[in-house]
>>> print(open('protein03.pdb').read())   # PDB, C-alpha atoms
ATOM      1  CA  MET H   1     221.829 110.855 238.396
ATOM      2  CA  ILE H   2     222.231 110.356 234.676
ATOM      3  CA  ILE H   3     220.825 106.876 234.963
ATOM      4  CA  GLN H   4     217.772 108.257 236.756
ATOM      5  CA  ARG H   5     217.266 110.767 233.977
ATOM      6  CA  TYR H   6     217.557 108.050 231.392
ATOM      7  CA  LEU H   7     215.131 105.888 233.310
ATOM      8  CA  LEU H   8     212.757 108.857 233.638
ATOM      9  CA  LEU H   9     213.107 109.578 229.905
ATOM     10  CA  LEU H  10     212.516 105.892 229.131
ATOM     11  CA  PHE H  11     209.479 105.862 231.440
ATOM     12  CA  VAL H  12     208.053 109.010 229.753
ATOM     13  CA  MET H  13     208.653 107.486 226.321
ATOM     14  CA  ILE H  14     206.936 104.239 227.312
ATOM     15  CA  LEU H  15     204.052 106.163 228.892
ATOM     16  CA  SER H  16     203.665 108.415 225.825
ATOM     17  CA  THR H  17     203.771 105.365 223.508
ATOM     18  CA  ILE H  18     201.083 103.616 225.554
ATOM     19  CA  CYS H  19     198.940 106.788 225.561
ATOM     20  CA  PHE H  20     199.445 107.230 221.822
ATOM     21  CA  PHE H  21     198.319 103.668 221.046
ATOM     22  CA  TYR H  22     195.426 103.862 223.538
ATOM     23  CA  PHE H  23     194.016 107.112 222.137
ATOM     24  CA  SER H  24     194.593 106.173 218.502
ATOM     25  CA  THR H  25     192.879 102.792 219.064
ATOM     26  CA  ASN H  26     189.903 104.527 220.700
ATOM     27  CA  SER H  27     189.758 107.065 217.891
ATOM     28  CA  ILE H  28     189.826 104.334 215.230
ATOM     29  CA  LYS H  29     187.164 102.296 217.084
ATOM     30  CA  ALA H  30     184.922 105.355 217.309
ATOM     31  CA  LYS H  31     185.334 106.021 213.598
ATOM     32  CA  ILE H  32     184.670 102.358 212.741
ATOM     33  CA  ASN H  33     181.499 102.433 214.884
ATOM     34  CA  LYS H  34     180.417 105.642 213.159
ATOM     35  CA  ILE H  35     181.065 104.054 209.739
ATOM     36  CA  ASP H  36     179.032 100.977 210.796
ATOM     37  CA  ASP H  37     176.165 103.250 211.872
ATOM     38  CA  TYR H  38     176.297 105.028 208.491
ATOM     39  CA  ASP H  39     176.361 101.664 206.693
ATOM     40  CA  GLU H  40     173.308 100.513 208.629
ATOM     41  CA  ALA H  41     171.441 103.764 207.882
ATOM     42  CA  ILE H  42     172.359 103.482 204.189
ATOM     43  CA  LYS H  43     171.183  99.859 204.150
ATOM     44  CA  GLU H  44     167.806 100.808 205.684
ATOM     45  CA  GLU H  45     167.330 103.691 203.236
ATOM     46  CA  GLN H  46     168.302 101.421 200.318
ATOM     47  CA  GLU H  47     165.657  98.900 201.410
ATOM     48  CA  LYS H  48     163.068 101.697 201.571
ATOM     49  CA  LEU H  49     164.118 102.865 198.102
ATOM     50  CA  ASN H  50     163.842  99.340 196.689
ATOM     51  CA  SER H  51     160.390  98.943 198.259
ATOM     52  CA  ALA H  52     159.330 102.285 196.797
ATOM     53  CA  ARG H  53     160.546 101.194 193.354
ATOM     54  CA  VAL H  54     158.549  97.951 193.544
ATOM     55  CA  ILE H  55     155.430  99.817 194.663
ATOM     56  CA  ASN H  56     155.965 102.390 191.906
ATOM     57  CA  ASP H  57     156.215  99.637 189.270
ATOM     58  CA  GLN H  58     153.025  98.033 190.570
ATOM     59  CA  LEU H  59     151.215 101.368 190.617
ATOM     60  CA  GLN H  60     152.404 102.048 187.064
ATOM     61  CA  GLU H  61     150.728  98.812 185.960
ATOM     62  CA  VAL H  62     147.504  99.668 187.806
ATOM     63  CA  SER H  63     147.587 103.164 186.330
ATOM     64  CA  LYS H  64     148.084 101.684 182.852
ATOM     65  CA  VAL H  65     145.054  99.407 183.281
ATOM     66  CA  ILE H  66     142.926 102.303 184.523
ATOM     67  CA  MET H  67     144.031 104.651 181.731
ATOM     68  CA  LEU H  68     143.337 101.995 179.082
ATOM     69  CA  SER H  69     139.926 101.379 180.674
ATOM     70  CA  MET H  70     138.723 104.975 180.419
ATOM     71  CA  THR H  71     136.163 105.950 177.791
ATOM     72  CA  ASN H  72     133.791 108.741 176.826
ATOM     73  CA  GLU H  73     131.253 106.341 175.281
ATOM     74  CA  ASN H  74     128.277 104.651 176.938
ATOM     75  CA  GLU H  75     129.005 101.295 175.275
ATOM     76  CA  PHE H  76     131.926  99.357 173.873
ATOM     77  CA  GLU H  77     132.834 100.046 170.268
ATOM     78  CA  ILE H  78     132.695  97.139 167.820
ATOM     79  CA  GLU H  79     136.480  97.341 167.300
ATOM     80  CA  GLU H  80     137.076  96.984 171.056
ATOM     81  CA  VAL H  81     134.773  93.962 171.243
ATOM     82  CA  ASN H  82     136.420  92.321 168.231
ATOM     83  CA  THR H  83     139.900  93.047 169.596
ATOM     84  CA  PHE H  84     139.042  91.428 172.931
ATOM     85  CA  VAL H  85     137.508  88.390 171.205
ATOM     86  CA  LYS H  86     140.695  88.066 169.121
ATOM     87  CA  LYS H  87     142.820  88.293 172.302
ATOM     88  CA  LEU H  88     140.753  85.492 173.861
ATOM     89  CA  ALA H  89     141.096  83.363 170.726
ATOM     90  CA  ASP H  90     144.858  83.985 170.558
ATOM     91  CA  LEU H  91     145.215  83.061 174.225
ATOM     92  CA  ALA H  92     143.269  79.835 173.704
ATOM     93  CA  ASP H  93     145.396  79.081 170.627
ATOM     94  CA  LYS H  94     148.577  79.672 172.666
ATOM     95  CA  TYR H  95     147.646  76.803 175.000
ATOM     96  CA  LYS H  96     146.109  74.615 172.259
ATOM     97  CA  ILE H  97     142.624  74.941 173.723
ATOM     98  CA  SER H  98     139.787  74.203 171.323
ATOM     99  CA  ILE H  99     137.100  76.871 171.319
ATOM    100  CA  ASP H 100     133.467  75.804 170.946
ATOM    101  CA  SER H 101     132.056  79.323 171.018
ATOM    102  CA  ILE H 102     132.743  82.941 171.893
ATOM    103  CA  SER H 103     129.809  85.282 172.140
ATOM    104  CA  PRO H 104     129.844  88.904 173.235
ATOM    105  CA  LYS H 105     126.730  90.288 174.855
ATOM    106  CA  VAL H 106     125.832  93.946 175.397
ATOM    107  CA  VAL H 107     124.782  94.699 178.950
ATOM    108  CA  SER H 108     122.939  97.711 180.281
ATOM    109  CA  ALA H 109     125.006  99.372 182.973
ATOM    110  CA  ASP H 110     123.900  99.176 186.594
ATOM    111  CA  LYS H 111     126.162 102.057 187.499
ATOM    112  CA  PRO H 112     126.210 105.320 185.532
ATOM    113  CA  TYR H 113     130.017 105.546 185.561
ATOM    114  CA  LEU H 114     130.686 102.009 184.197
ATOM    115  CA  VAL H 115     130.280 100.371 180.818
ATOM    116  CA  GLU H 116     130.110  96.578 180.871
ATOM    117  CA  GLN H 117     130.598  94.102 178.035
ATOM    118  CA  LYS H 118     129.952  90.416 178.747
ATOM    119  CA  TYR H 119     131.517  87.490 176.928
ATOM    120  CA  THR H 120     130.621  83.825 177.087
ATOM    121  CA  LEU H 121     133.470  81.537 176.077
ATOM    122  CA  THR H 122     133.056  77.767 175.833
ATOM    123  CA  VAL H 123     136.192  75.648 175.401
ATOM    124  CA  GLU H 124     137.458  72.083 175.704
ATOM    125  CA  CYS H 125     140.656  71.766 177.745
ATOM    126  CA  THR H 126     142.473  70.072 180.603
ATOM    127  CA  PHE H 127     142.719  71.553 184.093
ATOM    128  CA  VAL H 128     146.318  72.582 183.416
ATOM    129  CA  GLN H 129     145.335  74.410 180.239
ATOM    130  CA  MET H 130     142.453  76.093 182.074
ATOM    131  CA  GLY H 131     144.826  77.273 184.824
ATOM    132  CA  GLN H 132     147.285  78.659 182.279
ATOM    133  CA  PHE H 133     144.453  80.375 180.421
ATOM    134  CA  LEU H 134     143.109  82.018 183.594
ATOM    135  CA  SER H 135     146.599  83.061 184.658
ATOM    136  CA  ASP H 136     147.239  84.820 181.345
ATOM    137  CA  LEU H 137     143.723  86.273 181.315
ATOM    138  CA  GLU H 138     144.550  87.908 184.633
ATOM    139  CA  SER H 139     147.493  89.720 183.020
ATOM    140  CA  PHE H 140     145.341  91.459 180.379
ATOM    141  CA  ASP H 141     145.326  95.255 180.488
ATOM    142  CA  ASN H 142     141.569  95.344 181.037
ATOM    143  CA  ILE H 143     139.338  95.345 184.086
ATOM    144  CA  ILE H 144     137.977  91.797 183.883
ATOM    145  CA  LYS H 145     135.616  89.941 186.180
ATOM    146  CA  VAL H 146     134.954  86.216 185.909
ATOM    147  CA  ASN H 147     131.218  86.008 186.632
ATOM    148  CA  ALA H 148     130.896  82.242 186.270
ATOM    149  CA  LEU H 149     133.109  79.268 185.589
ATOM    150  CA  ASP H 150     131.318  76.032 184.681
ATOM    151  CA  VAL H 151     133.515  72.921 184.391
ATOM    152  CA  ARG H 152     132.057  69.613 183.160
ATOM    153  CA  PRO H 153     133.977  66.472 182.197
ATOM    154  CA  LEU H 154     133.735  65.314 178.589
ATOM    155  CA  LYS H 155     132.887  61.717 177.824
ATOM    156  CA  GLU H 156     136.085  59.747 177.233
ATOM    157  CA  ASP H 157     136.700  57.914 173.976
ATOM    158  CA  LYS H 158     136.829  54.199 174.921
ATOM    159  CA  SER H 159     138.273  53.190 171.525
ATOM    160  CA  LYS H 160     141.796  54.249 172.532
ATOM    161  CA  THR H 161     144.155  51.567 173.780
ATOM    162  CA  SER H 162     144.668  51.140 177.489
ATOM    163  CA  ASP H 163     148.423  51.802 177.118
ATOM    164  CA  GLU H 164     147.836  55.464 176.319
ATOM    165  CA  ILE H 165     147.579  57.860 179.213
ATOM    166  CA  ILE H 166     144.559  59.993 178.541
ATOM    167  CA  GLU H 167     144.344  63.448 180.074
ATOM    168  CA  THR H 168     140.840  64.155 181.240
ATOM    169  CA  ARG H 169     139.335  66.912 179.155
ATOM    170  CA  TYR H 170     136.609  69.220 180.318
ATOM    171  CA  LYS H 171     134.046  71.446 178.728
ATOM    172  CA  VAL H 172     134.582  74.806 180.410
ATOM    173  CA  THR H 173     132.282  77.791 180.092
ATOM    174  CA  PHE H 174     133.652  81.158 181.149
ATOM    175  CA  GLU H 175     131.308  84.082 181.667
ATOM    176  CA  LEU H 176     133.455  87.219 181.693
ATOM    177  CA  SER H 177     132.683  90.887 182.094
ATOM    178  CA  VAL H 178     135.015  93.593 180.829
ATOM    179  CA  PHE H 179     134.514  97.062 182.291
ATOM    180  CA  MET H 180     135.309 100.555 181.088
ATOM    181  CA  ILE H 181     135.109 103.634 183.286
ATOM    182  CA  ILE H 182     133.247 106.619 181.818
ATOM    183  CA  LYS H 183     135.307 109.775 182.128
ATOM    184  CA  GLU H 184     133.720 112.625 183.973
ATOM    185  CA  ALA H 185     132.900 115.641 181.839
TER
END
>>> encode(input="protein03.pdb", output="structure tokens")
Amino acid sequence: MIIQRYLLLLFVMILSTICFFYFSTNSIKAKINKIDDYDEAIKEEQEKLNSARVINDQLQEVSKVIMLSMTNENEFEIEEVNTFVKKLADLADKYKISIDSISPKVVSADKPYLVEQKYTLTVECTFVQMGQFLSDLESFDNIIKVNALDVRPLKEDKSKTSDEIIETRYKVTFELSVFMIIKEA
């Protein structure tokens, strides 16, 4: 009889141990799954936040360009024209591009809410220099439109020795328009 009680007690202990480990394992698995779900939700929200930050930065840049391109005047001021010409000259100097001419030209506006200033820039450069110039021109804080781009090869100097590698140089004429938006009254 005592042996049966001990066996019954041993059986109950084994059964309770098995139940304890079974339920605690299930509980831990459920909590781990819940934590994984939270991690996934956090990861998705973090990606949305990062995307929103990138879009915000881009919109800040667009907003900056628009705010700098607002005016109350019906034409560009002389200081603005001279500043832009200086920026073009500095950019050409940065890439060691020789400038033949820069000429601003006043344009009558087609649209009543825009002011346009045209510039004709003639330079001598290589294709690489032209690409670098256009890339940096694109980053200006102005609304700029390239109306025309005329590229013509320059005649090569035949007096140089054949050992020298000569980069082909081109005469490039840029016709640019810079726009300002007239503020509404």
>>> resolve_selection(input="protein03.pdb", expression="the PyMOL selection byres ((chain H and resi 152) around 8)", output="NGL selection string")
:H and (150-151 or 153-154 or 170-172)
>>> closest_residue(input="protein03.pdb", among="H:Val85, H:Ile32, H:Ile182, H:Ile143", to="H:Val115", atoms="all atoms listed in the file")
H:Ile182
>>> closest_residue(input="protein03.pdb", among="H:Ile102, H:Leu134, H:Ile97, H:Val128", to="H:Asn82", atoms="only C-alpha atoms")
H:Ile102
>>> residues_around(input="protein03.pdb", residues="H:Asp141", least_positions_apart="6", cutoff="8 Å", atoms="only C-alpha atoms", output="list in words")
Lys64, Val65 and Leu68 of chain H
>>> atom_distance(input="protein03.pdb", atom1="atom CA of H:Phe20", atom2="atom CA of H:Gln4")
23.7 Å
>>> closest_residue(input="protein03.pdb", among="H:Glu61, H:Thr122, H:Ser177, H:Glu80", to="H:Val107", atoms="all atoms listed in the file")
H:Ser177
>>> resolve_selection(input="protein03.pdb", expression="the PyMOL selection byres ((chain H and resi 181) around 6)", output="ChimeraX atom specification")
/H:69-70,113-114,180,182
>>> atom_distance(input="protein03.pdb", atom1="atom CA of H:Arg53", atom2="atom CA of H:Asp37")
24.3 Å
>>> closest_residue(input="protein03.pdb", among="H:Leu15, H:Val178, H:Ala52, H:Ala30", to="H:Phe140", atoms="all atoms listed in the file")
H:Val178
>>> closest_residue(input="protein03.pdb", among="H:Phe133, H:Tyr6, H:Tyr22, H:Phe11", to="H:Ala92", atoms="only C-alpha atoms")
H:Phe133
>>> atom_distance(input="protein03.pdb", atom1="atom CA of H:Thr168", atom2="atom CA of H:Gly131")
14.2 Å
>>> closest_residue(input="protein03.pdb", among="H:Leu91, H:Ala41, H:Leu10, H:Val62", to="H:Leu121", atoms="all atoms listed in the file")
H:Leu91
>>> resolve_selection(input="protein03.pdb", expression="the PyMOL selection byres ((chain H and resi 117) around 8)", output="list in words")
Glu75, Phe76, Val81, Pro104, Lys105, Val106, Val107, Val115, Glu116, Lys118, Tyr119, Ser177, Val178 and Phe179 of chain H
>>> axis_aligned_box(input="protein03.pdb", around="stretch 57-67 of chain H", padding_each_side="5 Å", output="AutoDock Vina command-line options")
--center_x 149.6 --center_y 101.3 --center_z 186.2 --size_x 23.3 --size_y 16.6 --size_z 18.9
